[in-house]
Amino acid sequence: MREQLFGILCALFIGVLGVVTWYAEMFTDNKAAALWRRMNGQGRISKNWAAIGSPALSSICFIYLLSVLVEKQAPGWLIFGLACLMMLLLLVVLIGLLPIKFPRWVYADWQYAKRHGLLDDDGDIDREAYEKHAGRKEFW
C-alpha cells in the first residue's frame with residue numbers, strides 16, 4: 001500500500017508539472033514560458049520533447065492515476081485498454097526523443113509567432129520579424 005501511495009504521488013506530481021510546463025510554454029507569454037522556449041529551442045530533440053514527449057508522459061501519469069482509482073470496480077477489459085493506451089503513449093514519448101521534424105504547429109516558437117502575427121504568407125515564421133519582436137537572437 002505504501003509503494004502504491006508513493007507511485008500515486010509521483011504520478012500526480014510529474015503529470016501536473018508536465019502539463020503546466022507544456023501549457024505555459026506553448027500558450028502563454030510570461031517570463032517563465034520565454035525561458036522554457038529559449039531552453040528548448042536549442043536543438044531538435046529538446047524541441048520535440050517539449051512538443052510531443054512531455055504531454056505524452058503527463059498523459060501516461062494521468063491514465064495511471066485513473067487506472068489505480070478504478071481498478072477494483074472496473075472490468076478487466078477497461079484496465080487492459082488503459083494499459084494499451086499507456087503503451088501507445090510510451091511509444092509517442094520515444095518518438096519525441098528522435099531528432100526528426102514534426103509539423104510546425106506542434107512547436108512552441110510557431111505558436112508564439114502565431115499569437116503575435118509573426119507568420120509569413122506561407123504560414124512559416126518570419127525570422128526577421130520574430131527576432132525584432134522578441135528582442136533577442138534565437139538559435140535555429
# chains A, B, ... in the order shown; residues from 1 in each chain; ligands from 1
$ select_by_dssp --residues "region 4-116 of chain A" --states "helix (DSSP H, G or I)" --output "PyMOL selection string"
chain A and resi 4-27+31-40+44-70+76-96+104-106+108-115
$ residues_around --residues "region 62-70 of chain A" --least-positions-apart "3" --cutoff "8 Å" --atoms "only C-alpha atoms" --output "PyMOL selection string"
chain A and resi 8+11-12+15+58-59+73-74+79+82+86
$ closest_residue --among "A:Ala108, A:Leu85, A:Ile100, A:Ala129" --to "Ala50 (chain A)" --atoms "only C-alpha atoms"
A:Ala108
$ atom_distance --atom1 "CA of Ser54 (chain A)" --atom2 "CA of His116 (chain A)"
24.3 Å
$ atom_distance --atom1 "CA of Tyr130 (chain A)" --atom2 "CA of Ala113 (chain A)"
6.9 Å
$ residues_around --residues "Arg115 (chain A)" --least-positions-apart "2" --cutoff "12 Å" --atoms "only C-alpha atoms" --output "VMD selection string"
chain A and resid 26 to 29 105 108 to 113 117 to 119 125 130 133
$ write_last_selection --atoms "N, CA, C and O atoms" --output "tab-separated table (two decimals), in the first residue's frame"
chain	number	residue	atom	x	y	z
A	26	MET	N	3.70	26.58	-24.43
A	26	MET	CA	3.04	26.64	-25.73
A	26	MET	C	2.09	27.82	-25.87
A	26	MET	O	1.98	28.39	-26.96
A	27	PHE	N	1.40	28.20	-24.81
A	27	PHE	CA	0.26	29.10	-24.98
A	27	PHE	C	0.28	30.36	-24.12
A	27	PHE	O	-0.70	31.07	-24.07
A	28	THR	N	1.39	30.63	-23.42
A	28	THR	CA	1.45	31.86	-22.64
A	28	THR	C	2.70	32.65	-23.01
A	28	THR	O	3.60	32.14	-23.67
A	29	ASP	N	2.77	33.88	-22.55
A	29	ASP	CA	3.88	34.77	-22.88
A	29	ASP	C	4.59	35.31	-21.64
A	29	ASP	O	5.22	36.34	-21.69
A	105	TRP	N	3.20	23.38	-36.34
A	105	TRP	CA	2.25	23.84	-35.35
A	105	TRP	C	2.41	23.17	-33.99
A	105	TRP	O	1.80	23.60	-33.02
A	108	ALA	N	6.55	25.31	-29.86
A	108	ALA	CA	6.19	26.49	-29.08
A	108	ALA	C	6.54	27.79	-29.80
A	108	ALA	O	5.79	28.77	-29.70
A	109	ASP	N	7.64	27.82	-30.54
A	109	ASP	CA	8.00	29.06	-31.23
A	109	ASP	C	6.99	29.41	-32.32
A	109	ASP	O	6.68	30.58	-32.54
A	110	TRP	N	6.43	28.41	-33.00
A	110	TRP	CA	5.42	28.68	-34.01
A	110	TRP	C	4.13	29.18	-33.36
A	110	TRP	O	3.49	30.10	-33.86
A	111	GLN	N	3.77	28.59	-32.22
A	111	GLN	CA	2.57	29.05	-31.50
A	111	GLN	C	2.74	30.50	-31.05
A	111	GLN	O	1.81	31.30	-31.13
A	112	TYR	N	3.95	30.84	-30.58
A	112	TYR	CA	4.23	32.21	-30.18
A	112	TYR	C	4.10	33.16	-31.38
A	112	TYR	O	3.48	34.22	-31.28
A	113	ALA	N	4.70	32.76	-32.49
A	113	ALA	CA	4.64	33.60	-33.69
A	113	ALA	C	3.20	33.75	-34.17
A	113	ALA	O	2.80	34.84	-34.61
A	117	GLY	N	1.20	37.38	-34.61
A	117	GLY	CA	1.13	37.78	-36.00
A	117	GLY	C	2.47	37.84	-36.70
A	117	GLY	O	2.70	38.72	-37.52
A	118	LEU	N	3.36	36.92	-36.41
A	118	LEU	CA	4.71	36.92	-36.96
A	118	LEU	C	4.91	35.83	-38.00
A	118	LEU	O	6.03	35.42	-38.25
A	119	LEU	N	3.82	35.37	-38.60
A	119	LEU	CA	3.92	34.35	-39.63
A	119	LEU	C	3.89	35.02	-41.00
A	119	LEU	O	3.22	36.03	-41.21
A	125	ILE	N	7.40	30.95	-39.87
A	125	ILE	CA	7.80	32.06	-39.02
A	125	ILE	C	8.65	33.03	-39.83
A	125	ILE	O	9.61	32.63	-40.48
A	130	TYR	N	10.28	38.01	-36.13
A	130	TYR	CA	10.31	37.29	-34.86
A	130	TYR	C	11.43	37.82	-33.97
A	130	TYR	O	11.24	38.06	-32.78
A	133	HIS	N	10.61	41.32	-32.75
A	133	HIS	CA	9.54	41.29	-31.76
A	133	HIS	C	10.02	40.74	-30.43
A	133	HIS	O	9.73	41.27	-29.37
$ residues_around --residues "Leu88 (chain A)" --least-positions-apart "4" --cutoff "12 Å" --atoms "only C-alpha atoms" --output "list of chain:residue names"
A:Ala56, A:Leu57, A:Ser59, A:Ile60, A:Ile63, A:Gly81, A:Leu82, A:Ala83, A:Cys84, A:Val92, A:Val93, A:Leu94, A:Ile95
$ write_last_selection --atoms "C-alpha atoms" --output "short mmCIF file (atom, residue, chain, number, x, y, z; two decimals), in the first residue's frame"
data_model
loop_
_atom_site.label_atom_id
_atom_site.label_comp_id
_atom_site.auth_asym_id
_atom_site.auth_seq_id
_atom_site.Cartn_x
_atom_site.Cartn_y
_atom_site.Cartn_z
CA ALA A 56 2.59 12.14 -23.62
CA LEU A 57 4.42 11.42 -20.35
CA SER A 59 -0.93 11.65 -20.08
CA ILE A 60 0.65 8.35 -19.02
CA ILE A 63 -4.02 7.36 -17.07
CA GLY A 81 -7.41 -0.89 -22.63
CA LEU A 82 -5.87 1.72 -20.33
CA ALA A 83 -2.63 -0.28 -20.22
CA CYS A 84 -2.58 -0.47 -24.03
CA VAL A 92 4.96 8.57 -28.55
CA VAL A 93 7.42 9.51 -25.77
CA LEU A 94 10.14 7.52 -27.55
CA ILE A 95 9.26 9.15 -30.89
#
$ atom_distance --atom1 "CA of Lys101 (chain A)" --atom2 "CA of Gly123 (chain A)"
16.1 Å
$ closest_residue --among "A:Trp77, A:Leu89, A:Thr21, A:Val106" --to "Ala34 (chain A)" --atoms "only C-alpha atoms"
A:Thr21
$ decode --residues "region 10-122 of chain A" --atoms "C-alpha atoms" --output "compact mmCIF listing (two decimals), in the first residue's frame"
# COMPACT_ATOMS: atom_id res chain seq x y z
CA CYS A 10 4.88 10.72 -8.04
CA ALA A 11 2.48 10.30 -10.97
CA LEU A 12 0.38 13.22 -9.76
CA PHE A 13 3.45 15.46 -9.35
CA ILE A 14 5.01 14.54 -12.72
CA GLY A 15 1.67 14.76 -14.53
CA VAL A 16 0.69 18.16 -13.16
CA LEU A 17 4.19 19.60 -13.55
CA GLY A 18 4.41 18.34 -17.14
CA VAL A 19 1.02 19.71 -18.18
CA VAL A 20 1.57 23.09 -16.54
CA THR A 21 5.03 23.44 -18.10
CA TRP A 22 3.81 22.35 -21.54
CA TYR A 23 0.78 24.66 -21.45
CA ALA A 24 2.77 27.65 -20.23
CA GLU A 25 5.46 27.14 -22.85
CA MET A 26 3.04 26.64 -25.73
CA PHE A 27 0.26 29.10 -24.98
CA THR A 28 1.45 31.86 -22.64
CA ASP A 29 3.88 34.77 -22.88
CA ASN A 30 5.16 35.11 -19.31
CA LYS A 31 8.85 35.18 -18.37
CA ALA A 32 8.98 31.52 -17.32
CA ALA A 33 7.47 30.46 -20.66
CA ALA A 34 10.02 32.56 -22.55
CA LEU A 35 12.80 30.91 -20.57
CA TRP A 36 11.46 27.41 -21.33
CA ARG A 37 11.10 28.28 -25.03
CA ARG A 38 14.72 29.50 -25.14
CA MET A 39 15.99 26.39 -23.37
CA ASN A 40 14.03 24.03 -25.60
CA GLY A 41 14.83 25.90 -28.80
CA GLN A 42 18.49 24.90 -28.78
CA GLY A 43 18.14 21.53 -30.50
CA ARG A 44 15.69 19.30 -32.34
CA ILE A 45 15.46 16.67 -29.59
CA SER A 46 14.61 19.12 -26.82
CA LYS A 47 12.05 20.88 -29.05
CA ASN A 48 10.48 17.52 -29.84
CA TRP A 49 10.47 16.53 -26.18
CA ALA A 50 8.74 19.78 -25.22
CA ALA A 51 6.18 19.44 -28.01
CA ILE A 52 5.46 15.69 -28.01
CA GLY A 53 7.19 13.86 -25.17
CA SER A 54 6.17 15.98 -22.22
CA PRO A 55 2.40 15.87 -22.89
CA ALA A 56 2.59 12.14 -23.62
CA LEU A 57 4.42 11.42 -20.35
CA SER A 58 1.91 13.57 -18.44
CA SER A 59 -0.93 11.65 -20.08
CA ILE A 60 0.65 8.35 -19.02
CA CYS A 61 0.75 9.62 -15.44
CA PHE A 62 -2.92 10.65 -15.50
CA ILE A 63 -4.02 7.36 -17.07
CA TYR A 64 -2.10 5.52 -14.35
CA LEU A 65 -3.94 7.56 -11.71
CA LEU A 66 -7.26 6.73 -13.38
CA SER A 67 -6.42 3.04 -13.53
CA VAL A 68 -5.50 2.99 -9.83
CA LEU A 69 -8.79 4.68 -8.95
CA VAL A 70 -10.99 2.28 -10.92
CA GLU A 71 -9.03 -0.99 -10.75
CA LYS A 72 -11.24 -2.56 -8.06
CA GLN A 73 -14.57 -1.76 -9.76
CA ALA A 74 -13.62 -1.74 -13.43
CA PRO A 75 -13.90 -4.74 -15.74
CA GLY A 76 -10.68 -6.35 -16.89
CA TRP A 77 -11.05 -5.13 -20.47
CA LEU A 78 -11.06 -1.49 -19.30
CA ILE A 79 -7.84 -1.91 -17.34
CA PHE A 80 -6.31 -3.73 -20.33
CA GLY A 81 -7.41 -0.89 -22.63
CA LEU A 82 -5.87 1.72 -20.33
CA ALA A 83 -2.63 -0.28 -20.22
CA CYS A 84 -2.58 -0.47 -24.03
CA LEU A 85 -3.15 3.28 -24.25
CA MET A 86 -0.26 3.84 -21.85
CA MET A 87 1.98 1.67 -24.04
CA LEU A 88 0.95 3.63 -27.11
CA LEU A 89 1.79 6.88 -25.34
CA LEU A 90 5.13 5.40 -24.30
CA LEU A 91 5.83 4.89 -27.99
CA VAL A 92 4.96 8.57 -28.55
CA VAL A 93 7.42 9.51 -25.77
CA LEU A 94 10.14 7.52 -27.55
CA ILE A 95 9.26 9.15 -30.89
CA GLY A 96 9.58 12.54 -29.15
CA LEU A 97 13.22 11.68 -28.42
CA LEU A 98 14.06 11.23 -32.10
CA PRO A 99 15.72 14.14 -33.95
CA ILE A 100 13.04 14.35 -36.63
CA LYS A 101 10.96 17.31 -37.74
CA PHE A 102 7.30 17.38 -36.75
CA PRO A 103 4.62 19.67 -38.23
CA ARG A 104 5.40 23.29 -37.41
CA TRP A 105 2.25 23.84 -35.35
CA VAL A 106 3.42 21.48 -32.58
CA TYR A 107 6.37 23.70 -31.65
CA ALA A 108 6.19 26.49 -29.08
CA ASP A 109 8.00 29.06 -31.23
CA TRP A 110 5.42 28.68 -34.01
CA GLN A 111 2.57 29.05 -31.50
CA TYR A 112 4.23 32.21 -30.18
CA ALA A 113 4.64 33.60 -33.69
CA LYS A 114 1.01 32.79 -34.49
CA ARG A 115 -0.24 34.57 -31.36
CA HIS A 116 1.73 37.70 -32.25
CA GLY A 117 1.13 37.78 -36.00
CA LEU A 118 4.71 36.92 -36.96
CA LEU A 119 3.92 34.35 -39.63
CA ASP A 120 4.56 34.96 -43.32
CA ASP A 121 2.07 34.26 -46.11
CA ASP A 122 3.07 30.57 -46.25
